[in-house]
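The file entry.cif contains mmCIF, C-alpha atoms:
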data_start
#
loop_
_atom_site.group_PDB
_atom_site.id
_atom_site.type_symbol
_atom_site.label_atom_id
_atom_site.label_comp_id
_atom_site.auth_asym_id
_atom_site.auth_seq_id
_atom_site.Cartn_x
_atom_site.Cartn_y
_atom_site.Cartn_z
ATOM 1 C CA MET Z 1 0.000 0.000 0.000
ATOM 2 C CA LYS Z 2 2.849 2.377 0.885
ATOM 3 C CA LYS Z 3 4.527 1.683 -2.477
ATOM 4 C CA LEU Z 4 1.267 2.446 -4.288
ATOM 5 C CA LEU Z 5 0.877 5.751 -2.441
ATOM 6 C CA LEU Z 6 4.477 6.644 -3.290
ATOM 7 C CA VAL Z 7 3.840 5.980 -6.988
ATOM 8 C CA PHE Z 8 0.742 8.210 -6.917
ATOM 9 C CA ALA Z 9 2.723 10.964 -5.151
ATOM 10 C CA VAL Z 10 5.496 10.862 -7.778
ATOM 11 C CA PHE Z 11 2.947 11.073 -10.614
ATOM 12 C CA ALA Z 12 1.179 13.983 -8.879
ATOM 13 C CA MET Z 13 4.458 15.898 -8.496
ATOM 14 C CA ALA Z 14 5.383 15.278 -12.133
ATOM 15 C CA PHE Z 15 1.970 16.517 -13.247
ATOM 16 C CA ASN Z 16 2.262 19.708 -11.176
ATOM 17 C CA VAL Z 17 5.694 20.482 -12.633
ATOM 18 C CA ASN Z 18 4.588 19.852 -16.208
ATOM 19 C CA ALA Z 19 1.326 21.734 -15.665
ATOM 20 C CA GLN Z 20 3.111 25.095 -15.091
ATOM 21 C CA ILE Z 21 2.064 27.265 -18.017
ATOM 22 C CA GLU Z 22 3.711 30.563 -18.860
ATOM 23 C CA THR Z 23 1.184 33.222 -19.809
ATOM 24 C CA PRO Z 24 1.714 36.807 -21.039
ATOM 25 C CA GLN Z 25 1.987 39.489 -18.390
ATOM 26 C CA PRO Z 26 -0.854 42.046 -18.432
ATOM 27 C CA SER Z 27 1.756 44.814 -18.048
ATOM 28 C CA PRO Z 28 4.865 43.538 -19.860
ATOM 29 C CA PHE Z 29 8.340 44.620 -18.794
ATOM 30 C CA SER Z 30 10.346 46.952 -21.027
ATOM 31 C CA LYS Z 31 13.886 48.305 -20.956
ATOM 32 C CA VAL Z 32 15.098 51.382 -22.802
ATOM 33 C CA GLU Z 33 18.844 51.952 -23.200
ATOM 34 C CA GLN Z 34 20.059 55.146 -24.808
ATOM 35 C CA LYS Z 35 23.391 56.932 -25.126
ATOM 36 C CA VAL Z 36 22.868 60.682 -24.751
ATOM 37 C CA GLY Z 37 26.095 62.450 -25.607
ATOM 38 C CA LEU Z 38 28.554 60.349 -23.596
ATOM 39 C CA THR Z 39 26.064 59.433 -20.852
ATOM 40 C CA ASP Z 40 24.251 56.092 -20.624
ATOM 41 C CA VAL Z 41 20.573 56.435 -19.711
ATOM 42 C CA THR Z 42 18.514 53.327 -18.925
ATOM 43 C CA ILE Z 43 14.801 53.109 -18.123
ATOM 44 C CA GLU Z 44 13.202 49.903 -16.785
ATOM 45 C CA TYR Z 45 9.428 49.811 -16.428
ATOM 46 C CA SER Z 46 6.250 47.786 -16.897
ATOM 47 C CA ARG Z 47 3.707 48.854 -19.528
ATOM 48 C CA PRO Z 48 0.023 48.746 -18.548
ATOM 49 C CA GLY Z 49 -2.725 49.117 -21.140
ATOM 50 C CA VAL Z 50 -5.791 51.386 -21.245
ATOM 51 C CA LYS Z 51 -8.179 48.448 -21.839
ATOM 52 C CA GLY Z 52 -11.226 50.630 -22.294
ATOM 53 C CA ARG Z 53 -10.744 52.498 -19.033
ATOM 54 C CA THR Z 54 -10.387 56.189 -18.257
ATOM 55 C CA ILE Z 55 -6.843 56.429 -16.956
ATOM 56 C CA PHE Z 56 -6.050 60.000 -15.937
ATOM 57 C CA GLY Z 57 -8.750 61.454 -13.744
ATOM 58 C CA GLY Z 58 -10.287 57.973 -13.465
ATOM 59 C CA LEU Z 59 -8.128 54.959 -12.635
ATOM 60 C CA GLU Z 60 -5.427 57.454 -11.569
ATOM 61 C CA PRO Z 61 -7.345 60.329 -9.863
ATOM 62 C CA TRP Z 62 -6.249 63.947 -10.045
ATOM 63 C CA GLY Z 63 -4.140 65.077 -7.109
ATOM 64 C CA THR Z 64 -2.656 61.633 -6.431
ATOM 65 C CA VAL Z 65 0.855 60.242 -6.965
ATOM 66 C CA TRP Z 66 1.099 57.654 -9.726
ATOM 67 C CA ARG Z 67 3.899 55.085 -9.864
ATOM 68 C CA THR Z 68 4.426 55.984 -13.572
ATOM 69 C CA GLY Z 69 3.996 52.418 -14.711
ATOM 70 C CA ALA Z 70 2.876 49.108 -13.248
ATOM 71 C CA ASN Z 71 4.298 46.394 -11.005
ATOM 72 C CA LYS Z 72 7.730 47.288 -9.605
ATOM 73 C CA ASN Z 73 8.781 50.934 -9.679
ATOM 74 C CA THR Z 74 9.808 52.506 -12.932
ATOM 75 C CA VAL Z 75 13.563 53.087 -12.543
ATOM 76 C CA ILE Z 76 15.845 55.393 -14.518
ATOM 77 C CA THR Z 77 19.641 55.154 -14.281
ATOM 78 C CA PHE Z 78 22.241 57.751 -15.293
ATOM 79 C CA SER Z 79 25.931 56.877 -15.706
ATOM 80 C CA ASP Z 80 26.963 60.505 -15.065
ATOM 81 C CA ASP Z 81 25.704 63.463 -13.084
ATOM 82 C CA VAL Z 82 22.927 65.132 -15.077
ATOM 83 C CA ALA Z 83 20.477 67.997 -14.818
ATOM 84 C CA ILE Z 84 16.745 67.260 -14.827
ATOM 85 C CA ALA Z 85 14.628 70.293 -15.685
ATOM 86 C CA GLY Z 86 17.628 72.397 -14.627
ATOM 87 C CA GLN Z 87 18.175 70.587 -11.288
ATOM 88 C CA GLU Z 88 21.486 68.834 -10.636
ATOM 89 C CA VAL Z 89 21.142 65.075 -10.059
ATOM 90 C CA LYS Z 90 23.960 62.694 -9.170
ATOM 91 C CA ALA Z 91 24.755 59.626 -11.246
ATOM 92 C CA GLY Z 92 22.745 56.607 -10.090
ATOM 93 C CA SER Z 93 19.261 55.106 -10.146
ATOM 94 C CA TYR Z 94 15.957 56.805 -9.345
ATOM 95 C CA ALA Z 95 12.319 55.745 -9.209
ATOM 96 C CA ILE Z 96 9.980 57.939 -11.231
ATOM 97 C CA PHE Z 97 6.729 59.065 -9.574
ATOM 98 C CA THR Z 98 4.219 61.477 -11.047
ATOM 99 C CA LYS Z 99 1.834 63.741 -9.178
ATOM 100 C CA LEU Z 100 -1.189 64.168 -11.431
ATOM 101 C CA ASN Z 101 -2.164 67.740 -10.629
ATOM 102 C CA SER Z 102 -4.533 68.165 -13.559
ATOM 103 C CA ALA Z 103 -5.091 67.207 -17.172
ATOM 104 C CA THR Z 104 -2.580 69.865 -18.211
ATOM 105 C CA GLN Z 105 0.094 69.874 -15.492
ATOM 106 C CA TRP Z 106 2.064 67.107 -13.734
ATOM 107 C CA ASP Z 107 4.966 67.017 -11.281
ATOM 108 C CA VAL Z 108 7.377 64.247 -12.306
ATOM 109 C CA MET Z 109 9.558 63.323 -9.326
ATOM 110 C CA PHE Z 110 12.845 61.409 -9.298
ATOM 111 C CA TYR Z 111 13.033 59.485 -6.010
ATOM 112 C CA SER Z 112 16.315 58.064 -4.678
ATOM 113 C CA ASP Z 113 14.673 54.973 -3.103
ATOM 114 C CA THR Z 114 13.973 52.543 -5.964
ATOM 115 C CA GLU Z 115 12.889 49.547 -3.880
ATOM 116 C CA ASN Z 116 9.238 50.415 -3.301
ATOM 117 C CA TRP Z 117 6.547 48.363 -5.036
ATOM 118 C CA GLY Z 118 4.275 51.133 -6.163
ATOM 119 C CA THR Z 119 4.280 54.407 -4.253
ATOM 120 C CA PRO Z 120 6.113 54.511 -0.897
ATOM 121 C CA ARG Z 121 3.975 53.877 2.182
ATOM 122 C CA GLU Z 122 5.640 56.874 3.796
ATOM 123 C CA TRP Z 123 6.678 59.555 1.355
ATOM 124 C CA ASP Z 124 10.029 61.174 2.199
ATOM 125 C CA ASP Z 125 10.606 64.570 0.569
ATOM 126 C CA SER Z 126 14.332 64.324 1.353
ATOM 127 C CA LYS Z 127 14.564 61.459 -1.143
ATOM 128 C CA VAL Z 128 13.262 63.570 -4.027
ATOM 129 C CA ALA Z 129 16.378 64.351 -6.088
ATOM 130 C CA ALA Z 130 14.501 66.486 -8.624
ATOM 131 C CA THR Z 131 10.963 67.515 -9.525
ATOM 132 C CA ALA Z 132 10.077 68.476 -13.078
ATOM 133 C CA LYS Z 133 6.930 70.555 -13.376
ATOM 134 C CA VAL Z 134 5.747 69.738 -16.876
ATOM 135 C CA GLU Z 135 2.906 70.783 -19.103
ATOM 136 C CA VAL Z 136 0.811 67.913 -20.419
ATOM 137 C CA ALA Z 137 -0.239 67.920 -24.055
ATOM 138 C CA GLU Z 138 -3.348 66.186 -25.357
ATOM 139 C CA MET Z 139 -2.622 63.654 -28.099
ATOM 140 C CA PRO Z 140 -4.881 63.598 -31.174
ATOM 141 C CA PHE Z 141 -5.156 59.818 -30.855
ATOM 142 C CA ASN Z 142 -5.292 57.188 -28.124
ATOM 143 C CA VAL Z 143 -2.091 55.352 -27.081
ATOM 144 C CA GLU Z 144 -3.175 51.977 -25.704
ATOM 145 C CA THR Z 145 0.051 50.903 -23.977
ATOM 146 C CA LEU Z 146 2.160 53.155 -21.726
ATOM 147 C CA VAL Z 147 5.322 54.409 -23.425
ATOM 148 C CA ILE Z 148 8.321 55.915 -21.650
ATOM 149 C CA ASP Z 149 11.005 56.849 -24.139
ATOM 150 C CA ILE Z 150 14.016 59.075 -24.749
ATOM 151 C CA ASN Z 151 13.758 61.411 -27.721
ATOM 152 C CA ASP Z 152 14.883 64.799 -29.093
ATOM 153 C CA ILE Z 153 18.451 63.603 -28.521
ATOM 154 C CA THR Z 154 21.370 66.005 -28.939
ATOM 155 C CA SER Z 155 24.978 65.769 -27.790
ATOM 156 C CA ASP Z 156 24.032 67.733 -24.658
ATOM 157 C CA GLY Z 157 20.614 66.400 -23.687
ATOM 158 C CA ALA Z 158 17.323 64.737 -24.495
ATOM 159 C CA VAL Z 159 13.672 64.591 -23.468
ATOM 160 C CA ILE Z 160 12.148 61.751 -21.458
ATOM 161 C CA GLY Z 161 8.659 61.279 -22.853
ATOM 162 C CA ILE Z 162 5.732 59.766 -20.940
ATOM 163 C CA ILE Z 163 2.889 58.869 -23.293
ATOM 164 C CA TRP Z 164 -0.342 57.077 -22.375
ATOM 165 C CA GLU Z 165 -4.013 57.317 -23.256
ATOM 166 C CA LYS Z 166 -4.173 60.786 -24.857
ATOM 167 C CA SER Z 167 -1.561 62.486 -22.653
ATOM 168 C CA TYR Z 168 2.072 63.387 -23.348
ATOM 169 C CA ALA Z 169 4.558 64.852 -20.861
ATOM 170 C CA GLY Z 170 8.187 65.627 -21.697
ATOM 171 C CA ILE Z 171 10.957 66.007 -19.110
ATOM 172 C CA PRO Z 172 14.177 67.691 -20.345
ATOM 173 C CA ILE Z 173 17.519 66.313 -19.206
ATOM 174 C CA THR Z 174 20.970 67.780 -19.754
ATOM 175 C CA VAL Z 175 24.137 65.681 -19.785
ATOM 176 C CA PRO Z 176 27.739 66.870 -19.133
ATOM 177 C CA THR Z 177 29.109 66.134 -22.595
ATOM 178 C CA ASP Z 178 30.913 69.442 -22.993
ATOM 179 C CA ASN Z 179 32.595 69.190 -19.576
ATOM 180 C CA THR Z 180 33.689 65.606 -20.236
ATOM 181 C CA VAL Z 181 35.079 66.319 -23.694
ATOM 182 C CA SER Z 182 36.755 69.562 -22.580
ATOM 183 C CA SER Z 183 38.446 67.765 -19.663
ATOM 184 C CA SER Z 184 39.687 65.052 -22.023
ATOM 185 C CA ILE Z 185 41.062 67.642 -24.425
ATOM 186 C CA ASP Z 186 42.789 69.564 -21.621
ATOM 187 C CA LYS Z 187 44.337 66.349 -20.290
ATOM 188 C CA LEU Z 188 45.521 65.294 -23.737
ATOM 189 C CA MET Z 189 46.978 68.693 -24.556
ATOM 190 C CA ALA Z 190 48.788 68.776 -21.207
ATOM 191 C CA GLY Z 191 50.685 65.662 -22.244
ATOM 192 C CA PRO Z 192 51.033 62.197 -20.696
ATOM 193 C CA SER Z 193 50.529 61.824 -16.952
ATOM 194 C CA ALA Z 194 52.980 60.223 -14.536
ATOM 195 C CA ASP Z 195 50.814 57.083 -14.614
ATOM 196 C CA ASP Z 196 51.088 57.003 -18.413
ATOM 197 C CA TYR Z 197 54.883 57.263 -18.304
ATOM 198 C CA TYR Z 198 55.142 54.600 -15.586
ATOM 199 C CA ALA Z 199 52.845 52.125 -17.356
ATOM 200 C CA SER Z 200 54.669 52.634 -20.653
ATOM 201 C CA ALA Z 201 58.116 52.214 -19.097
ATOM 202 C CA ARG Z 202 57.089 49.063 -17.279
ATOM 203 C CA TYR Z 203 55.626 47.624 -20.478
ATOM 204 C CA TYR Z 204 58.837 48.354 -22.372
ATOM 205 C CA LEU Z 205 60.843 46.583 -19.646
ATOM 206 C CA GLU Z 206 58.609 43.518 -19.562
ATOM 207 C CA ALA Z 207 58.251 43.322 -23.366
ATOM 208 C CA ASP Z 208 62.010 43.693 -23.864
ATOM 209 C CA LYS Z 209 61.595 46.785 -26.020
ATOM 210 C CA ASP Z 210 63.950 49.766 -26.307
ATOM 211 C CA ILE Z 211 65.407 50.099 -22.815
ATOM 212 C CA ASN Z 212 66.681 53.637 -23.341
ATOM 213 C CA THR Z 213 63.128 54.813 -24.011
ATOM 214 C CA ALA Z 214 61.999 52.951 -20.885
ATOM 215 C CA VAL Z 215 64.703 54.795 -18.898
ATOM 216 C CA LYS Z 216 63.467 58.148 -20.181
ATOM 217 C CA TRP Z 217 59.843 57.383 -19.302
ATOM 218 C CA ILE Z 218 60.442 55.910 -15.835
ATOM 219 C CA ASP Z 219 62.663 58.851 -14.880
ATOM 220 C CA MET Z 220 59.933 61.266 -15.974
ATOM 221 C CA ALA Z 221 57.290 59.326 -14.008
ATOM 222 C CA VAL Z 222 59.409 59.327 -10.834
ATOM 223 C CA ASP Z 223 60.339 62.994 -11.243
ATOM 224 C CA MET Z 224 56.664 63.967 -11.621
ATOM 225 C CA THR Z 225 55.864 62.227 -8.302
ATOM 226 C CA LYS Z 226 58.981 63.136 -6.334
ATOM 227 C CA GLU Z 227 56.947 65.003 -3.709
ATOM 228 C CA GLN Z 228 55.283 61.684 -2.827
ATOM 229 C CA PRO Z 229 57.635 58.970 -4.103
ATOM 230 C CA ARG Z 230 56.098 55.537 -4.686
ATOM 231 C CA PHE Z 231 58.401 52.739 -3.617
ATOM 232 C CA TRP Z 232 57.005 50.322 -6.216
ATOM 233 C CA TRP Z 233 57.743 52.856 -8.972
ATOM 234 C CA LEU Z 234 61.275 53.304 -7.637
ATOM 235 C CA ARG Z 235 61.644 49.513 -7.790
ATOM 236 C CA GLN Z 236 60.800 49.558 -11.501
ATOM 237 C CA GLN Z 237 63.193 52.466 -11.971
ATOM 238 C CA ALA Z 238 65.975 50.410 -10.383
ATOM 239 C CA LEU Z 239 65.261 47.405 -12.617
ATOM 240 C CA ILE Z 240 65.106 49.522 -15.783
ATOM 241 C CA HIS Z 241 68.377 51.308 -15.031
ATOM 242 C CA ALA Z 242 70.042 47.994 -14.179
ATOM 243 C CA LYS Z 243 68.982 46.529 -17.516
ATOM 244 C CA ALA Z 244 70.277 49.650 -19.266
ATOM 245 C CA GLY Z 245 73.658 49.189 -17.541
ATOM 246 C CA ASN Z 246 73.291 52.230 -15.275
ATOM 247 C CA LYS Z 247 74.365 50.428 -12.071
ATOM 248 C CA ASP Z 248 74.862 53.519 -9.901
ATOM 249 C CA LYS Z 249 71.382 54.860 -10.735
ATOM 250 C CA ALA Z 250 69.887 51.396 -10.247
ATOM 251 C CA ILE Z 251 71.458 51.137 -6.779
ATOM 252 C CA ALA Z 252 70.246 54.630 -5.797
ATOM 253 C CA ALA Z 253 66.699 53.824 -6.922
ATOM 254 C CA ALA Z 254 66.719 50.455 -5.135
ATOM 255 C CA LYS Z 255 67.861 52.069 -1.873
ATOM 256 C CA ALA Z 256 65.122 54.693 -2.149
ATOM 257 C CA SER Z 257 62.562 51.992 -2.913
ATOM 258 C CA MET Z 258 63.712 49.924 0.066
ATOM 259 C CA ALA Z 259 63.462 52.927 2.387
ATOM 260 C CA GLY Z 260 59.906 53.599 1.211
ATOM 261 C CA ALA Z 261 58.973 49.948 1.535
ATOM 262 C CA LYS Z 262 60.306 49.827 5.101
ATOM 263 C CA GLU Z 263 58.239 52.893 5.994
ATOM 264 C CA ALA Z 264 55.156 51.239 4.451
ATOM 265 C CA LYS Z 265 56.016 47.941 6.228
ATOM 266 C CA ASN Z 266 56.031 46.107 2.914
ATOM 267 C CA GLU Z 267 58.478 43.284 3.619
ATOM 268 C CA ASN Z 268 58.158 41.825 0.134
ATOM 269 C CA TYR Z 269 59.583 44.940 -1.526
ATOM 270 C CA VAL Z 270 62.247 45.258 1.175
ATOM 271 C CA LYS Z 271 63.359 41.699 0.394
ATOM 272 C CA MET Z 272 63.362 42.211 -3.384
ATOM 273 C CA ASN Z 273 65.445 45.376 -3.122
ATOM 274 C CA MET Z 274 67.926 43.780 -0.721
ATOM 275 C CA GLU Z 275 68.422 40.885 -3.126
ATOM 276 C CA SER Z 276 69.004 43.281 -6.030
ATOM 277 C CA LEU Z 277 71.452 45.409 -4.045
ATOM 278 C CA LYS Z 278 73.435 42.284 -3.142
ATOM 279 C CA GLU Z 279 73.408 41.240 -6.805
ATOM 280 C CA TRP Z 280 74.684 44.668 -7.855
ATOM 281 C CA GLY Z 281 77.421 44.627 -5.198
ATOM 282 C CA ALA Z 282 75.942 47.367 -3.017
ATOM 283 C CA MET Z 283 75.553 45.253 0.145
#

Could you quickly redo this structure as structure tokens?
Amino acid sequence: MKKLLLVFAVFAMAFNVNAQIETPQPSPFSKVEQKVGLTDVTIEYSRPGVKGRTIFGGLEPWGTVWRTGANKNTVITFSDDVAIAGQEVKAGSYAIFTKLNSATQWDVMFYSDTENWGTPREWDDSKVAATAKVEVAEMPFNVETLVIDINDITSDGAVIGIIWEKSYAGIPITVPTDNTVSSSIDKLMAGPSADDYYASARYYLEADKDINTAVKWIDMAVDMTKEQPRFWWLRQQALIHAKAGNKDKAIAAAKASMAGAKEAKNENYVKMNMESLKEWGAM
């Protein structure tokens, strides 16, 4: 009898597993990814349908805060600091909530807490990173499924569009393209950094390329950081000069590296420098 019951139980479990049917979601998930200038903007949201209902002023009453979508919060993510309707907003992710003031005016709010399901139980004004007061235009046709998109794209900004039923609201965003490009140009025109010289010199040493060029670059890197010498850079300087046959300079660099390593309590670099100094006849 027990074996028979076990057989029935196995068949019942197999039926339950096989009986799981995937059906379409009433408010399907959507993800919008857009490069605006040099900034990545991503919007993740669920898209409810009108389905014969009155949405604004009906399902979503005037004067209330709407989650701007369905299911989990609609979330927008910026890879850089941006400005939303002229207000500075840090890079990161924000939930979008909309206060439906009237048929012609909404407040679209960017909320730093993205983990609410729907509107927060306790609204916290300190979490509102920006509020865009936008005029709402009436569409000449009905849009069945909610659309949140990024349009009117330029190198410096774009417009986040919210379109549903017969309503359209556009939120302007500005991205820091000019600042980013200008900083890159200034850095390039100023010439290579100490990090650039160090990385290049080390590569030339390890790849067995022109050692005299490596000497030039490592000396420039160390000279540019002489106010705060880095013992691991001095170690590379010692090795490069040793390979170039500059024993006196190699010994001086190794001693400086060892002193810095001792101060930093890095026994590994102390040991490596001691071994090199013995090899070069300095100990």

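Each of Z:Ile211, Z:Thr54, Z:Asp40, Z:Trp62 was checked against Ser93 in chain Z using all atoms listed in the file; the smallest atom-to-atom distance is that of Z:Asp40.
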
Counting all atoms listed in the file, what is within 7 Å of Ile76 in chain Z, bar same-chain residues fewer than 3 positions away, as number ranges by chain? Z: 42-44, 93-95

Z:Met109, Z:Ile163, Z:Ile150, Z:Leu277: which is nearest Phe56 in chain Z, counting all atoms listed in the file?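 Counting all atoms listed in the file, the residue closest to Phe56 in chain Z is Z:Ile163.
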
Could you give me, as a short mmCIF file (atom, residue, chain, number, x, y, z; two decimals) with C-alpha atoms, in the coordinates of the input, the residues within 10 Å of Ala103 in chain Z, counting all atoms listed in the file and dropping anything in the same chain fewer than 5 positions from it?
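Output file selection09.cif follows:
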data_model
loop_
_atom_site.label_atom_id
_atom_site.label_comp_id
_atom_site.auth_asym_id
_atom_site.auth_seq_id
_atom_site.Cartn_x
_atom_site.Cartn_y
_atom_site.Cartn_z
CA PHE Z 56 -6.05 60.00 -15.94
CA GLY Z 57 -8.75 61.45 -13.74
CA TRP Z 62 -6.25 63.95 -10.04
CA GLU Z 135 2.91 70.78 -19.10
CA VAL Z 136 0.81 67.91 -20.42
CA ALA Z 137 -0.24 67.92 -24.06
CA GLU Z 138 -3.35 66.19 -25.36
CA SER Z 167 -1.56 62.49 -22.65
#

Ground truth for the PyMOL selection byres ((chain Z and resi 160) around 9), written as a list of chain:residue names: Z:Ile148, Z:Asp149, Z:Ile150, Z:Asn151, Z:Asp152, Z:Ala158, Z:Val159, Z:Gly161, Z:Ile162, Z:Ala169, Z:Gly170, Z:Ile171, Z:Pro172, Z:Ile173

Write a file of the selected residues as a PDB file, keeping the file's coordinate frame, keeping C-alpha atoms.
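Written file, selection-v1.pdb:
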ATOM      1  CA  ILE Z 148       8.321  55.915 -21.650  1.00  0.00           C
ATOM      2  CA  ASP Z 149      11.005  56.849 -24.139  1.00  0.00           C
ATOM      3  CA  ILE Z 150      14.016  59.075 -24.749  1.00  0.00           C
ATOM      4  CA  ASN Z 151      13.758  61.411 -27.721  1.00  0.00           C
ATOM      5  CA  ASP Z 152      14.883  64.799 -29.093  1.00  0.00           C
ATOM      6  CA  ALA Z 158      17.323  64.737 -24.495  1.00  0.00           C
ATOM      7  CA  VAL Z 159      13.672  64.591 -23.468  1.00  0.00           C
ATOM      8  CA  GLY Z 161       8.659  61.279 -22.853  1.00  0.00           C
ATOM      9  CA  ILE Z 162       5.732  59.766 -20.940  1.00  0.00           C
ATOM     10  CA  ALA Z 169       4.558  64.852 -20.861  1.00  0.00           C
ATOM     11  CA  GLY Z 170       8.187  65.627 -21.697  1.00  0.00           C
ATOM     12  CA  ILE Z 171      10.957  66.007 -19.110  1.00  0.00           C
ATOM     13  CA  PRO Z 172      14.177  67.691 -20.345  1.00  0.00           C
ATOM     14  CA  ILE Z 173      17.519  66.313 -19.206  1.00  0.00           C
TER      15      ILE Z 173
END

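Comparing Z:Ala261, Z:Val89, Z:Ala190, Z:Ile218 by their smallest distance to Thr174 in chain Z, the closest is Z:Val89 (using all atoms listed in the file).
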
So what do you get for CA of Phe97 in chain Z versus CA of Arg67 in chain Z, distance-wise?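 Separation of CA of Phe97 in chain Z and CA of Arg67 in chain Z: 4.9 Å.
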
Give me the residues within 12 Å of Glu275 in chain Z as a PyMOL selection string, counting all atoms listed in the file and dropping any in the same chain fewer than 4 places off. chain Z and resi 235+239+251+254-255+258+268-271+279-283

Write the residues you've just listed into a file as a PDB file, in the frame of the given file, and include C-alpha atoms for each of them.
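Saved as out38.pdb:
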ATOM      1  CA  ARG Z 235      61.644  49.513  -7.790  1.00  0.00           C
ATOM      2  CA  LEU Z 239      65.261  47.405 -12.617  1.00  0.00           C
ATOM      3  CA  ILE Z 251      71.458  51.137  -6.779  1.00  0.00           C
ATOM      4  CA  ALA Z 254      66.719  50.455  -5.135  1.00  0.00           C
ATOM      5  CA  LYS Z 255      67.861  52.069  -1.873  1.00  0.00           C
ATOM      6  CA  MET Z 258      63.712  49.924   0.066  1.00  0.00           C
ATOM      7  CA  ASN Z 268      58.158  41.825   0.134  1.00  0.00           C
ATOM      8  CA  TYR Z 269      59.583  44.940  -1.526  1.00  0.00           C
ATOM      9  CA  VAL Z 270      62.247  45.258   1.175  1.00  0.00           C
ATOM     10  CA  LYS Z 271      63.359  41.699   0.394  1.00  0.00           C
ATOM     11  CA  GLU Z 279      73.408  41.240  -6.805  1.00  0.00           C
ATOM     12  CA  TRP Z 280      74.684  44.668  -7.855  1.00  0.00           C
ATOM     13  CA  GLY Z 281      77.421  44.627  -5.198  1.00  0.00           C
ATOM     14  CA  ALA Z 282      75.942  47.367  -3.017  1.00  0.00           C
ATOM     15  CA  MET Z 283      75.553  45.253   0.145  1.00  0.00           C
TER      16      MET Z 283
END

Coordinates-based distance that separates CA of Gly63 in chain Z from CA of Trp123 in chain Z (Å, one decimal):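 These two atoms are separated by 14.8 Å.
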
Quick one: distance from CA of Lys262 in chain Z to CA of Arg230 in chain Z in Å, one decimal? 12.1 Å

From the options Z:Lys90, Z:Gly69, Z:Val82, Z:Ala132, which residue's atoms come nearest to Gly118 in chain Z, counting all atoms listed in the file?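 Of Z:Lys90, Z:Gly69, Z:Val82, Z:Ala132, the one nearest Gly118 in chain Z, counting all atoms listed in the file, is Z:Gly69.
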
Where atoms are lacking, range 128-141 of chain Z completed to N, CA and C atoms, as a CSV table (one decimal), in the coordinates of the input:
chain,number,residue,atom,x,y,z
Z,128,VAL,N,13.6,63.0,-2.7
Z,128,VAL,CA,13.3,63.6,-4.0
Z,128,VAL,C,14.5,64.3,-4.6
Z,129,ALA,N,15.2,63.7,-5.5
Z,129,ALA,CA,16.4,64.4,-6.1
Z,129,ALA,C,16.1,65.5,-7.0
Z,130,ALA,N,14.9,65.4,-7.7
Z,130,ALA,CA,14.5,66.5,-8.6
Z,130,ALA,C,13.0,66.4,-8.9
Z,131,THR,N,12.4,67.5,-9.1
Z,131,THR,CA,11.0,67.5,-9.5
Z,131,THR,C,10.8,68.4,-10.8
Z,132,ALA,N,10.3,67.8,-11.8
Z,132,ALA,CA,10.1,68.5,-13.1
Z,132,ALA,C,8.6,68.8,-13.2
Z,133,LYS,N,8.3,70.1,-13.2
Z,133,LYS,CA,6.9,70.6,-13.4
Z,133,LYS,C,6.7,70.7,-14.9
Z,134,VAL,N,5.9,69.8,-15.4
Z,134,VAL,CA,5.7,69.7,-16.9
Z,134,VAL,C,4.3,70.0,-17.3
Z,135,GLU,N,4.2,70.6,-18.5
Z,135,GLU,CA,2.9,70.8,-19.1
Z,135,GLU,C,2.5,69.5,-19.8
Z,136,VAL,N,1.3,69.1,-19.8
Z,136,VAL,CA,0.8,67.9,-20.4
Z,136,VAL,C,0.0,68.3,-21.7
Z,137,ALA,N,0.4,67.7,-22.8
Z,137,ALA,CA,-0.2,67.9,-24.1
Z,137,ALA,C,-1.2,66.8,-24.3
Z,138,GLU,N,-2.4,67.2,-25.0
Z,138,GLU,CA,-3.3,66.2,-25.4
Z,138,GLU,C,-3.0,65.6,-26.7
Z,139,MET,N,-2.9,64.3,-26.8
Z,139,MET,CA,-2.6,63.7,-28.1
Z,139,MET,C,-3.9,63.6,-29.0
Z,140,PRO,N,-3.7,63.7,-30.3
Z,140,PRO,CA,-4.9,63.6,-31.2
Z,140,PRO,C,-5.4,62.2,-31.4
Z,141,PHE,N,-4.7,61.2,-30.7
Z,141,PHE,CA,-5.2,59.8,-30.9
Z,141,PHE,C,-4.9,59.1,-29.5
